[in-house]
$ cat target14.txt   # compact mmCIF, C-alpha atoms
# COMPACT_ATOMS: atom_id res chain seq x y z
CA MET A 1 4.22 -76.91 -41.60
CA ASN A 2 1.08 -75.13 -42.72
CA GLU A 3 1.43 -71.51 -43.78
CA THR A 4 -1.14 -69.03 -42.48
CA LEU A 5 -3.43 -68.29 -45.43
CA PRO A 6 -4.74 -64.78 -46.12
CA LEU A 7 -8.24 -66.25 -46.34
CA LYS A 8 -9.69 -69.47 -44.99
CA THR A 9 -9.94 -71.60 -48.12
CA PHE A 10 -12.01 -74.58 -49.26
CA ALA A 11 -11.89 -76.46 -52.57
CA PHE A 12 -14.38 -78.61 -54.46
CA LEU A 13 -12.50 -81.25 -56.48
CA VAL A 14 -13.97 -83.47 -59.18
CA GLU A 15 -12.56 -86.87 -58.19
CA PRO A 16 -9.46 -88.40 -56.58
CA GLY A 17 -7.44 -89.06 -59.74
CA SER A 18 -3.64 -89.06 -59.74
CA TYR A 19 -3.46 -85.41 -60.89
CA THR A 20 -5.84 -84.29 -58.14
CA MET A 21 -4.28 -86.31 -55.34
CA ASP A 22 -0.79 -85.09 -56.24
CA LEU A 23 -2.13 -81.53 -56.08
CA VAL A 24 -3.65 -82.25 -52.67
CA GLU A 25 -0.41 -83.71 -51.31
CA ASN A 26 1.88 -81.02 -52.72
CA ILE A 27 -0.29 -77.90 -52.37
CA TYR A 28 -3.53 -78.25 -50.44
CA LYS A 29 -2.32 -80.15 -47.41
CA PRO A 30 0.88 -78.11 -46.89
CA LEU A 31 -1.15 -74.89 -47.12
CA GLY A 32 -3.98 -76.17 -44.94
CA ILE A 33 -6.64 -75.94 -47.66
CA ARG A 34 -9.61 -78.20 -46.94
CA TYR A 35 -11.42 -80.00 -49.75
CA ILE A 36 -14.15 -82.41 -50.79
CA PHE A 37 -14.72 -84.51 -53.92
CA HIS A 38 -17.80 -84.35 -56.11
CA LYS A 39 -17.54 -88.07 -56.80
CA GLY A 40 -15.38 -91.14 -56.56
CA VAL A 41 -14.98 -91.71 -52.81
CA PRO A 42 -17.64 -93.01 -50.39
CA LEU A 43 -18.66 -90.45 -47.79
CA ILE A 44 -16.57 -91.00 -44.66
CA ALA A 45 -18.05 -90.10 -41.29
CA ARG A 46 -15.44 -88.26 -39.24
CA SER A 47 -15.54 -87.32 -35.58
CA ASP A 48 -14.62 -83.70 -36.39
CA SER A 49 -17.34 -83.51 -39.06
CA SER A 50 -14.67 -82.63 -41.59
CA PRO A 51 -15.61 -83.25 -45.23
CA GLU A 52 -11.94 -83.72 -46.16
CA SER A 53 -11.34 -86.91 -48.14
CA SER A 54 -15.11 -87.33 -48.48
CA SER A 55 -17.40 -87.19 -51.47
CA LEU A 56 -20.68 -85.47 -52.21
CA GLU A 57 -21.68 -88.43 -54.35
CA GLY A 58 -24.71 -90.25 -52.96
CA MET A 59 -25.37 -87.65 -50.25
CA ASN A 60 -29.07 -86.85 -49.84
CA LEU A 61 -30.20 -83.32 -50.67
CA LEU A 62 -30.91 -82.23 -47.10
CA LYS A 63 -27.53 -83.38 -45.84
CA LYS A 64 -25.78 -81.77 -48.80
CA PHE A 65 -27.64 -78.49 -48.26
CA ARG A 66 -26.65 -78.42 -44.60
CA LEU A 67 -23.03 -79.16 -45.47
CA LEU A 68 -22.86 -76.47 -48.17
CA THR A 69 -24.48 -73.94 -45.87
CA SER A 70 -21.98 -74.73 -43.13
CA LEU A 71 -19.05 -74.42 -45.54
CA TYR A 72 -20.30 -71.11 -46.90
CA ASN A 73 -20.54 -69.72 -43.39
CA ASP A 74 -17.17 -71.07 -42.21
CA TYR A 75 -14.86 -70.27 -45.14
CA GLU A 76 -13.92 -67.11 -47.04
CA PHE A 77 -12.39 -68.31 -50.32
CA PHE A 78 -13.80 -71.16 -52.44
CA ILE A 79 -12.23 -72.98 -55.38
CA PHE A 80 -14.39 -74.81 -57.92
CA ASN A 81 -13.36 -76.89 -60.89
CA GLY A 82 -15.68 -75.51 -63.56
CA TYR A 83 -18.81 -73.42 -63.34
CA ASN A 84 -21.68 -75.82 -64.07
CA THR A 85 -22.13 -77.84 -60.88
CA SER A 86 -25.09 -77.36 -58.57
CA GLU A 87 -22.64 -76.66 -55.72
CA PHE A 88 -21.03 -73.81 -57.65
CA LEU A 89 -24.43 -72.36 -58.56
CA TYR A 90 -25.51 -72.50 -54.90
CA PHE A 91 -22.41 -70.64 -53.70
CA PHE A 92 -22.49 -68.15 -56.56
CA THR A 93 -26.19 -67.35 -56.07
CA ARG A 94 -25.93 -67.03 -52.31
CA ASN A 95 -22.87 -64.83 -52.61
CA LEU A 96 -24.59 -62.66 -55.20
CA LEU A 97 -27.67 -62.21 -53.00
CA THR A 98 -25.60 -61.36 -49.92
CA GLY A 99 -23.48 -58.69 -51.60
CA GLY A 100 -20.43 -60.75 -52.58
CA LYS A 101 -18.98 -61.25 -49.12
CA LYS A 102 -16.89 -64.28 -50.16
CA ILE A 103 -14.41 -64.90 -53.00
CA ILE A 104 -15.17 -67.68 -55.45
CA ALA A 105 -12.50 -68.92 -57.87
CA VAL A 106 -13.23 -71.01 -60.96
CA GLU A 107 -10.52 -73.34 -62.26
CA SER A 108 -10.64 -74.03 -65.99
CA ASP A 109 -8.39 -75.94 -68.40
CA THR A 110 -10.77 -75.12 -71.27
CA LYS A 111 -9.40 -73.26 -74.28
CA LEU A 112 -11.29 -70.38 -75.80
CA ASN A 113 -13.15 -71.73 -78.81
CA PRO A 114 -15.80 -69.20 -79.87
CA ARG A 115 -18.64 -70.63 -81.95
CA SER A 116 -21.90 -69.39 -83.39
CA GLY A 117 -25.43 -70.63 -82.88
CA LEU A 118 -27.89 -70.98 -80.02
CA LYS A 119 -25.57 -72.91 -77.69
CA ALA A 120 -22.82 -70.32 -78.18
CA PHE A 121 -25.27 -67.51 -77.43
CA ILE A 122 -26.46 -69.21 -74.24
CA LYS A 123 -22.87 -69.86 -73.15
CA LYS A 124 -21.85 -66.27 -73.79
CA THR A 125 -24.85 -64.89 -71.91
CA TYR A 126 -24.25 -67.20 -68.94
CA LEU A 127 -20.48 -66.72 -68.69
CA SER A 128 -20.63 -62.97 -69.27
CA PHE A 129 -23.03 -62.70 -66.33
CA LEU A 130 -20.80 -64.85 -64.11
CA PHE A 131 -17.45 -63.37 -65.08
CA SER A 132 -18.56 -59.75 -64.64
CA ARG A 133 -19.08 -60.31 -60.89
CA PRO A 134 -16.17 -58.74 -58.95
CA PHE A 135 -16.12 -61.57 -56.39
CA LEU A 136 -15.42 -64.21 -59.05
CA PHE A 137 -11.77 -65.04 -59.86
CA GLY A 138 -10.53 -67.05 -62.84
CA PHE A 139 -7.87 -69.76 -62.37
CA ALA A 140 -6.55 -70.56 -65.86
CA GLY A 141 -4.60 -73.76 -66.55
CA GLY A 142 -2.39 -72.00 -69.11
CA ASN A 143 -1.27 -68.48 -70.00
CA HIS A 144 -2.70 -68.21 -73.49
CA THR A 145 -6.06 -69.44 -74.81
CA HIS A 146 -6.98 -70.60 -71.28
CA LYS A 147 -6.70 -67.08 -69.86
CA GLU A 148 -8.35 -65.73 -73.00
CA LEU A 149 -11.49 -67.71 -72.13
CA PHE A 150 -11.99 -65.54 -69.05
CA ARG A 151 -11.11 -62.30 -70.87
CA HIS A 152 -13.43 -63.08 -73.78
CA TYR A 153 -16.45 -63.33 -71.50
CA GLY A 154 -15.71 -60.13 -69.60
CA MET A 155 -13.54 -60.98 -66.58
CA ALA A 156 -11.22 -58.14 -65.55
CA GLU A 157 -7.51 -58.87 -65.94
CA GLU A 158 -6.72 -58.37 -62.25
CA ARG A 159 -9.04 -61.27 -61.39
CA ILE A 160 -7.40 -63.77 -63.78
CA PHE A 161 -4.57 -65.94 -62.45
CA LEU A 162 -2.39 -68.69 -63.89
CA LEU A 163 -2.84 -71.89 -61.88
CA PRO A 164 -0.77 -74.16 -64.13
CA MET A 165 -1.95 -77.56 -65.26
CA MET A 166 0.46 -79.77 -63.35
CA VAL A 167 1.69 -83.26 -62.69
CA ASP A 168 4.12 -84.26 -59.95
CA ASN A 169 7.30 -83.78 -61.98
CA ALA A 170 9.38 -85.70 -59.45
CA LYS A 171 7.48 -88.91 -60.23
CA PHE A 172 8.55 -88.81 -63.89
CA ARG A 173 12.06 -87.33 -63.58
CA PHE A 174 14.81 -89.39 -65.25
CA ARG A 175 18.49 -88.95 -64.44
CA GLY A 176 19.96 -91.77 -66.51
CA GLU A 177 21.18 -92.11 -70.08
CA ARG A 178 18.74 -93.52 -72.63
CA ALA A 179 19.90 -96.23 -75.00
CA SER A 180 20.37 -95.03 -78.59
CA HIS A 181 18.65 -98.08 -80.10
CA PRO A 182 15.91 -98.74 -80.58
CA PHE A 183 14.72 -95.13 -80.88
CA VAL A 184 11.16 -95.15 -79.52
CA PHE A 185 8.27 -92.87 -80.46
CA LEU A 186 5.53 -93.04 -77.82
CA PHE A 187 1.80 -92.33 -77.66
CA VAL A 188 -0.01 -92.30 -74.30
CA GLY A 189 -3.76 -91.74 -74.02
CA ARG A 190 -7.23 -93.06 -74.61
CA MET A 191 -7.63 -94.82 -77.93
CA ILE A 192 -10.62 -92.89 -79.22
CA PRO A 193 -11.21 -91.08 -82.55
CA LEU A 194 -10.34 -87.53 -81.45
CA LYS A 195 -6.84 -88.68 -80.46
CA ASN A 196 -6.08 -89.14 -84.18
CA ILE A 197 -3.87 -92.18 -83.53
CA GLU A 198 -4.07 -93.54 -87.07
CA LEU A 199 -2.40 -90.37 -88.36
CA LEU A 200 0.55 -91.14 -86.07
CA VAL A 201 0.72 -94.77 -87.21
CA THR A 202 0.69 -93.90 -90.89
CA ALA A 203 3.30 -91.15 -90.40
CA PHE A 204 5.52 -93.62 -88.56
CA LEU A 205 5.17 -96.29 -91.23
CA GLY A 206 5.88 -93.77 -93.97
CA ASN A 207 9.30 -93.12 -92.43
CA PHE A 208 10.25 -96.21 -90.48
CA GLU A 209 8.22 -99.22 -91.64
CA ASN A 210 11.28 -101.36 -92.30
CA ASP A 211 13.59 -99.81 -89.72
CA PRO A 212 14.40 -102.33 -86.95
CA HIS A 213 16.09 -99.58 -84.90
CA THR A 214 12.99 -97.37 -84.63
CA ARG A 215 9.80 -98.36 -82.81
CA LEU A 216 6.36 -96.97 -82.07
CA ARG A 217 4.77 -97.74 -78.70
CA ILE A 218 1.07 -97.09 -78.23
CA VAL A 219 -0.06 -97.03 -74.60
CA GLY A 220 -3.72 -96.88 -73.63
CA GLY A 221 -7.05 -98.60 -73.99
CA GLY A 222 -10.34 -97.69 -75.58
CA GLU A 223 -12.69 -98.38 -78.43
CA LEU A 224 -9.97 -98.23 -81.11
CA PHE A 225 -7.49 -100.53 -79.38
CA GLU A 226 -8.61 -103.77 -81.00
CA PRO A 227 -9.38 -102.32 -84.49
CA LEU A 228 -5.99 -100.57 -84.71
CA LYS A 229 -4.09 -103.51 -83.28
CA LYS A 230 -5.76 -105.80 -85.81
CA LYS A 231 -4.93 -103.43 -88.66
CA TYR A 232 -1.34 -102.53 -87.72
CA GLY A 233 -0.24 -105.00 -85.05
CA HIS A 234 1.52 -107.25 -87.57
CA HIS A 235 4.27 -104.65 -88.03
CA GLU A 236 7.24 -105.83 -86.01
CA ASN A 237 8.23 -102.35 -84.85
CA ILE A 238 4.80 -101.24 -83.60
CA ASP A 239 3.76 -102.24 -80.08
CA PHE A 240 0.20 -101.96 -78.77
CA LEU A 241 0.83 -102.14 -75.02
CA GLY A 242 -2.63 -101.41 -73.61
CA PRO A 243 -3.15 -99.29 -70.46
CA ARG A 244 -0.20 -98.60 -68.17
CA HIS A 245 -0.27 -96.82 -64.82
CA GLY A 246 1.97 -95.88 -61.94
CA LYS A 247 5.53 -97.18 -62.01
CA GLU A 248 4.88 -99.15 -65.19
CA LEU A 249 3.90 -95.96 -67.03
CA VAL A 250 6.90 -94.08 -65.66
CA GLU A 251 9.20 -96.87 -66.85
CA THR A 252 7.64 -96.60 -70.30
CA TYR A 253 8.53 -92.91 -70.45
CA HIS A 254 12.05 -93.67 -69.25
CA THR A 255 12.66 -96.21 -72.01
CA SER A 256 11.17 -94.07 -74.80
CA HIS A 257 12.59 -91.07 -76.65
CA VAL A 258 9.81 -88.84 -78.05
CA LEU A 259 6.13 -88.45 -77.15
CA VAL A 260 3.74 -87.79 -80.04
CA LEU A 261 0.28 -86.37 -79.32
CA PRO A 262 -1.67 -86.05 -82.62
CA SER A 263 -5.07 -85.12 -81.15
CA ASP A 264 -7.75 -83.35 -83.17
CA ARG A 265 -8.89 -81.71 -79.93
CA GLU A 266 -7.17 -81.54 -76.54
CA GLN A 267 -8.00 -78.90 -73.91
CA TRP A 268 -4.60 -79.37 -72.29
CA GLY A 269 -2.94 -82.82 -72.45
CA LEU A 270 -1.22 -83.74 -69.16
CA VAL A 271 0.76 -86.45 -70.95
CA VAL A 272 2.79 -83.55 -72.37
CA ASN A 273 3.76 -82.58 -68.80
CA GLU A 274 4.62 -86.18 -67.96
CA ALA A 275 6.81 -86.64 -71.02
CA LEU A 276 8.67 -83.35 -70.59
CA ALA A 277 9.27 -84.09 -66.91
CA ALA A 278 10.82 -87.41 -68.02
CA GLY A 279 13.10 -85.54 -70.43
CA LEU A 280 11.26 -86.49 -73.63
CA PRO A 281 10.79 -83.99 -76.44
CA VAL A 282 7.16 -83.78 -77.57
CA ILE A 283 5.66 -83.56 -81.05
CA ALA A 284 2.11 -82.28 -80.61
CA SER A 285 -0.78 -81.23 -82.81
CA ASP A 286 -1.61 -77.53 -82.91
CA ARG A 287 -4.98 -78.51 -81.38
CA VAL A 288 -3.33 -79.41 -78.05
CA GLY A 289 -3.78 -76.77 -75.34
CA ALA A 290 -0.41 -77.38 -73.65
CA ILE A 291 1.63 -76.32 -76.70
CA TYR A 292 1.40 -72.59 -75.95
CA ASP A 293 3.08 -72.85 -72.56
CA LEU A 294 5.22 -75.96 -72.88
CA ILE A 295 6.37 -76.36 -76.50
CA GLU A 296 6.13 -73.24 -78.67
CA ASN A 297 9.29 -71.12 -78.36
CA ARG A 298 10.53 -73.44 -75.61
CA GLY A 299 12.84 -75.67 -77.62
CA THR A 300 11.16 -78.75 -76.13
CA GLY A 301 9.70 -80.27 -79.31
CA PHE A 302 7.65 -79.55 -82.41
CA VAL A 303 4.10 -78.42 -83.13
CA PHE A 304 2.51 -79.77 -86.33
CA ASP A 305 -0.66 -79.14 -88.31
CA PRO A 306 -2.73 -82.33 -88.58
CA GLN A 307 -4.45 -80.93 -91.67
CA LYS A 308 -1.15 -80.44 -93.50
CA GLU A 309 -0.20 -83.63 -95.30
CA GLY A 310 3.19 -84.95 -94.28
CA ASP A 311 3.81 -82.38 -91.53
CA LEU A 312 3.86 -84.92 -88.69
CA ALA A 313 5.97 -87.39 -90.68
CA GLU A 314 8.49 -84.68 -91.52
CA LYS A 315 8.92 -83.63 -87.89
CA MET A 316 9.26 -87.24 -86.72
CA LYS A 317 11.96 -87.81 -89.33
CA THR A 318 13.79 -84.61 -88.35
CA ILE A 319 14.05 -85.46 -84.67
CA ARG A 320 14.97 -89.07 -85.41
CA GLU A 321 17.84 -88.14 -87.73
CA ASN A 322 19.27 -85.23 -85.73
CA ARG A 323 20.72 -86.69 -82.55
CA GLU A 324 22.04 -83.36 -81.25
CA LEU A 325 18.66 -81.68 -81.74
CA TYR A 326 16.93 -84.54 -79.94
CA LYS A 327 19.31 -84.34 -76.96
CA LYS A 328 19.01 -80.55 -76.74
CA MET A 329 15.22 -80.68 -76.81
CA GLY A 330 15.18 -83.39 -74.14
CA ALA A 331 17.45 -81.34 -71.88
CA ASN A 332 15.26 -78.26 -72.40
CA ALA A 333 12.18 -80.33 -71.55
CA ALA A 334 13.55 -81.57 -68.25
CA GLN A 335 14.83 -78.13 -67.30
CA LEU A 336 11.52 -76.41 -68.08
CA MET A 337 9.58 -78.71 -65.78
CA GLU A 338 12.18 -78.76 -63.01
CA LYS A 339 12.92 -75.03 -62.93
CA GLU A 340 9.71 -73.33 -64.05
CA TRP A 341 6.47 -75.27 -64.64
CA ASN A 342 6.27 -76.81 -61.20
CA TYR A 343 4.45 -76.78 -57.87
CA THR A 344 6.39 -73.73 -56.70
CA LEU A 345 4.84 -71.74 -59.55
CA TYR A 346 1.41 -73.12 -58.68
CA ARG A 347 1.79 -72.35 -54.97
CA ASN A 348 3.06 -68.80 -55.51
CA ASN A 349 0.26 -67.95 -57.95
CA LEU A 350 -2.38 -69.40 -55.64
CA LEU A 351 -1.06 -67.37 -52.70
CA ASP A 352 -1.06 -64.26 -54.89
CA ALA A 353 -4.74 -64.84 -55.71
CA LEU A 354 -5.56 -65.34 -52.03
CA LYS A 355 -3.75 -62.13 -51.07
CA LYS A 356 -5.65 -60.15 -53.69
CA GLY A 357 -8.85 -61.75 -52.51
CA ALA A 358 -8.05 -60.76 -48.93
CA LYS A 359 -7.50 -57.14 -50.00
CA ARG A 360 -10.87 -57.12 -51.71
CA VAL A 361 -12.60 -58.53 -48.63
CA LEU A 362 -10.90 -55.98 -46.38
CA LYS A 363 -11.80 -53.11 -48.72
CA ARG A 364 -15.43 -54.23 -48.80
CA GLU A 365 -15.58 -54.50 -44.99
CA LYS A 366 -14.30 -50.94 -44.63
CA ALA A 367 -16.74 -49.56 -47.21
$ encode --input "target14.txt" --output "structure tokens"
Amino acid sequence: MNETLPLKTFAFLVEPGSYTMDLVENIYKPLGIRYIFHKGVPLIARSDSSPESSSLEGMNLLKKFRLLTSLYNDYEFFIFNGYNTSEFLYFFTRNLLTGGKKIIAVESDTKLNPRSGLKAFIKKTYLSFLFSRPFLFGFAGGNHTHKELFRHYGMAEERIFLLPMMVDNAKFRFRGERASHPFVFLFVGRMIPLKNIELLVTAFLGNFENDPHTRLRIVGGGELFEPLKKKYGHHENIDFLGPRHGKELVETYHTSHVLVLPSDREQWGLVVNEALAAGLPVIASDRVGAIYDLIENRGTGFVFDPQKEGDLAEKMKTIRENRELYKKMGANAAQLMEKEWNYTLYRNNLLDALKKGAKRVLKREKA
């Protein structure tokens, strides 16, 4: 049953990936939030002229302009993923010129990473202008560097909300007992340079090259799949499995023991959510955005410094040799995702933002 929302709400979503569609099914549809995709789904003509389940991709400019104008007039609260699309700029500019009658929220999973130079200056100028507007809200994917992005560029604290980076925890939940042998370290992700996969492979071989009871599974495809498989595939306890999705991916989590994410750069890392929901401890690089909310001081795994020689190998060895520590971290992981970092948290924070938005609209109308 749909709950009555404080403000009539519409969302612009990037594309219908698994993360997005799970969010739609668990949050948007139950709350009655309408939405449209920027890309990925052919435009569907509907008798009620609803854009839901449609895409802006391929729509001619006149038709898109009419649709955006209609949405602006019909809804009161808008959610955008990011702040660089033409649709966002249209809504922001129109709202600015009409006195900020509507509320616009920007979702971001980007960590604060201040830099110098011309690009940094342009970014600071642009975001400082956007974030100073009282009708603009910030929806941060995490509590730490993700919220700090909004603060750094001048958004007031009362307009910044945690909308947690989420997966559908129920899809990955595991209630069984994992076999003790072989003990499986797991990587899941695109096989590209910034994922730093070779660091993981060399750390694994340094500890477990001749250990038949310890394995490394590498799941994913990409430009480094063939080169790394050719270089390391002859090791009997390293498996290059290629891409896995859906139930096959879930089964991989359920038959593994520890996820390792060694990335040189990772704004969030939803594979961390997936692994923790499946009861796997996670060993992640300190460059991974999810560590601040899901690993540090949570007892759910380890954070390592990829620039510190031997740090990853040491933490892999520690969790492999300490069975009680491994089991405790796995239990903490499952509990964190089931009891705290879940769709209830997302829903409550979203409703809080809508209520505050409604108060602002009411205050403005009375002024």
$ residues_around --input "target14.txt" --residues "Ala105 (chain A)" --least-positions-apart "2" --cutoff "8 Å" --atoms "all atoms listed in the file" --output "number ranges by chain"
A: 77-80, 103, 107, 136-139
$ residues_around --input "target14.txt" --residues "Ser86 (chain A)" --least-positions-apart "6" --cutoff "12 Å" --atoms "only C-alpha atoms" --output "list in words"
Phe12, His38, Leu56, Leu61, Lys64, Phe65, Leu68, Phe80, Phe92 and Thr93 of chain A
$ closest_residue --input "target14.txt" --among "A:Tyr153, A:Val303, A:Leu97, A:His234" --to "Phe121 (chain A)" --atoms "all atoms listed in the file"
A:Tyr153
$ closest_residue --input "target14.txt" --among "A:Glu236, A:Asp109, A:Glu314, A:Glu309" --to "Met165 (chain A)" --atoms "all atoms listed in the file"
A:Asp109
$ atom_distance --input "target14.txt" --atom1 "CA of Gly100 (chain A)" --atom2 "CA of Phe135 (chain A)"
5.8 Å
$ residues_around --input "target14.txt" --residues "region 247-249 of chain A" --least-positions-apart "5" --cutoff "10 Å" --atoms "only C-alpha atoms" --output "PyMOL selection string"
chain A and resi 171-172+188+219+254+274
$ closest_residue --input "target14.txt" --among "A:Glu148, A:Glu226, A:Glu157, A:Glu15" --to "Leu241 (chain A)" --atoms "all atoms listed in the file"
A:Glu226
$ residues_around --input "target14.txt" --residues "Gly220 (chain A)" --least-positions-apart "4" --cutoff "8 Å" --atoms "only C-alpha atoms" --output "MDAnalysis selection string"
chainID A and resid 188:191 225 241:244
$ write_last_selection --input "target14.txt" --atoms "C-alpha atoms" --output "PDB file, in the coordinates of the input"
ATOM      1  CA  VAL A 188      -0.010 -92.300 -74.300  1.00  0.00           C
ATOM      2  CA  GLY A 189      -3.760 -91.740 -74.020  1.00  0.00           C
ATOM      3  CA  ARG A 190      -7.230 -93.060 -74.610  1.00  0.00           C
ATOM      4  CA  MET A 191      -7.630 -94.820 -77.930  1.00  0.00           C
ATOM      5  CA  PHE A 225      -7.490-100.530 -79.380  1.00  0.00           C
ATOM      6  CA  LEU A 241       0.830-102.140 -75.020  1.00  0.00           C
ATOM      7  CA  GLY A 242      -2.630-101.410 -73.610  1.00  0.00           C
ATOM      8  CA  PRO A 243      -3.150 -99.290 -70.460  1.00  0.00           C
ATOM      9  CA  ARG A 244      -0.200 -98.600 -68.170  1.00  0.00           C
TER      10      ARG A 244
END
$ residues_near_point --input "target14.txt" --point "(16.4, -89.3, -66.8)" --cutoff "7 Å" --atoms "only C-alpha atoms" --output "ChimeraX atom specification"
/A:173-177,254,278-279
$ axis_aligned_box --input "target14.txt" --around "region 22-27 of chain A" --padding-each-side "8 Å" --output "lines of an AutoDock Vina configuration file"
center_x = -0.9
center_y = -81.5
center_z = -53.8
size_x = 21.5
size_y = 23.2
size_z = 20.9
$ residues_around --input "target14.txt" --residues "Ile197 (chain A)" --least-positions-apart "3" --cutoff "8 Å" --atoms "only C-alpha atoms" --output "ChimeraX atom specification"
/A:191,193,200-201,262-263
$ closest_residue --input "target14.txt" --among "A:Gln267, A:Arg347, A:Val184, A:Leu199" --to "Phe304 (chain A)" --atoms "only C-alpha atoms"
A:Leu199
$ closest_residue --input "target14.txt" --among "A:Phe187, A:Thr252, A:Gln335, A:Thr214" --to "Val271 (chain A)" --atoms "only C-alpha atoms"
A:Phe187
$ atom_distance --input "target14.txt" --atom1 "CA of Thr20 (chain A)" --atom2 "CA of Leu216 (chain A)"
29.7 Å
$ atom_distance --input "target14.txt" --atom1 "CA of Leu23 (chain A)" --atom2 "CA of Ala11 (chain A)"
11.5 Å
$ decode --input "target14.txt" --residues "region 209-215 of chain A" --atoms "all heavy atoms" --output "mmCIF file, in the first residue's frame"
data_model
loop_
_atom_site.group_PDB
_atom_site.id
_atom_site.type_symbol
_atom_site.label_atom_id
_atom_site.label_comp_id
_atom_site.auth_asym_id
_atom_site.auth_seq_id
_atom_site.Cartn_x
_atom_site.Cartn_y
_atom_site.Cartn_z
ATOM 1 N N GLU A 209 50.498 -20.107 -2.296
ATOM 2 C CA GLU A 209 50.766 -20.656 -3.630
ATOM 3 C C GLU A 209 50.677 -22.175 -3.662
ATOM 4 O O GLU A 209 50.149 -22.757 -4.610
ATOM 5 C CB GLU A 209 52.143 -20.208 -4.112
ATOM 6 C CG GLU A 209 52.468 -20.709 -5.522
ATOM 7 C CD GLU A 209 53.751 -20.121 -6.070
ATOM 8 O OE1 GLU A 209 54.452 -19.421 -5.303
ATOM 9 O OE2 GLU A 209 54.038 -20.349 -7.262
ATOM 10 N N ASN A 210 51.159 -22.832 -2.656
ATOM 11 C CA ASN A 210 51.189 -24.298 -2.657
ATOM 12 C C ASN A 210 50.208 -24.897 -1.663
ATOM 13 O O ASN A 210 50.377 -26.048 -1.235
ATOM 14 C CB ASN A 210 52.612 -24.782 -2.340
ATOM 15 C CG ASN A 210 53.622 -24.325 -3.378
ATOM 16 O OD1 ASN A 210 53.399 -24.487 -4.582
ATOM 17 N ND2 ASN A 210 54.730 -23.736 -2.926
ATOM 18 N N ASP A 211 49.185 -24.125 -1.324
ATOM 19 C CA ASP A 211 48.197 -24.584 -0.347
ATOM 20 C C ASP A 211 46.954 -25.093 -1.069
ATOM 21 O O ASP A 211 46.156 -24.299 -1.574
ATOM 22 C CB ASP A 211 47.832 -23.426 0.590
ATOM 23 C CG ASP A 211 46.864 -23.829 1.681
ATOM 24 O OD1 ASP A 211 46.356 -24.966 1.642
ATOM 25 O OD2 ASP A 211 46.603 -22.996 2.561
ATOM 26 N N PRO A 212 46.732 -26.400 -1.119
ATOM 27 C CA PRO A 212 45.573 -26.940 -1.837
ATOM 28 C C PRO A 212 44.247 -26.656 -1.136
ATOM 29 O O PRO A 212 43.178 -26.852 -1.721
ATOM 30 C CB PRO A 212 45.862 -28.433 -1.883
ATOM 31 C CG PRO A 212 46.710 -28.692 -0.676
ATOM 32 C CD PRO A 212 47.546 -27.456 -0.510
ATOM 33 N N HIS A 213 44.301 -26.190 0.124
ATOM 34 C CA HIS A 213 43.079 -25.935 0.885
ATOM 35 C C HIS A 213 42.663 -24.472 0.868
ATOM 36 O O HIS A 213 41.712 -24.086 1.544
ATOM 37 C CB HIS A 213 43.272 -26.398 2.340
ATOM 38 C CG HIS A 213 43.610 -27.838 2.469
ATOM 39 N ND1 HIS A 213 42.766 -28.845 2.061
ATOM 40 C CD2 HIS A 213 44.724 -28.454 2.964
ATOM 41 C CE1 HIS A 213 43.318 -30.016 2.294
ATOM 42 N NE2 HIS A 213 44.518 -29.812 2.832
ATOM 43 N N THR A 214 43.371 -23.653 0.093
ATOM 44 C CA THR A 214 43.042 -22.228 -0.011
ATOM 45 C C THR A 214 43.007 -21.844 -1.484
ATOM 46 O O THR A 214 43.935 -22.157 -2.231
ATOM 47 C CB THR A 214 44.076 -21.361 0.728
ATOM 48 O OG1 THR A 214 44.231 -21.845 2.062
ATOM 49 C CG2 THR A 214 43.636 -19.910 0.766
ATOM 50 N N ARG A 215 41.930 -21.171 -1.903
ATOM 51 C CA ARG A 215 41.765 -20.829 -3.310
ATOM 52 C C ARG A 215 41.481 -19.340 -3.465
ATOM 53 O O ARG A 215 41.007 -18.673 -2.541
ATOM 54 C CB ARG A 215 40.615 -21.623 -3.950
ATOM 55 C CG ARG A 215 40.727 -23.126 -3.832
ATOM 56 C CD ARG A 215 39.729 -23.829 -4.741
ATOM 57 N NE ARG A 215 40.086 -23.652 -6.143
ATOM 58 C CZ ARG A 215 40.979 -24.407 -6.792
ATOM 59 N NH1 ARG A 215 41.625 -25.381 -6.156
ATOM 60 N NH2 ARG A 215 41.237 -24.197 -8.067
#
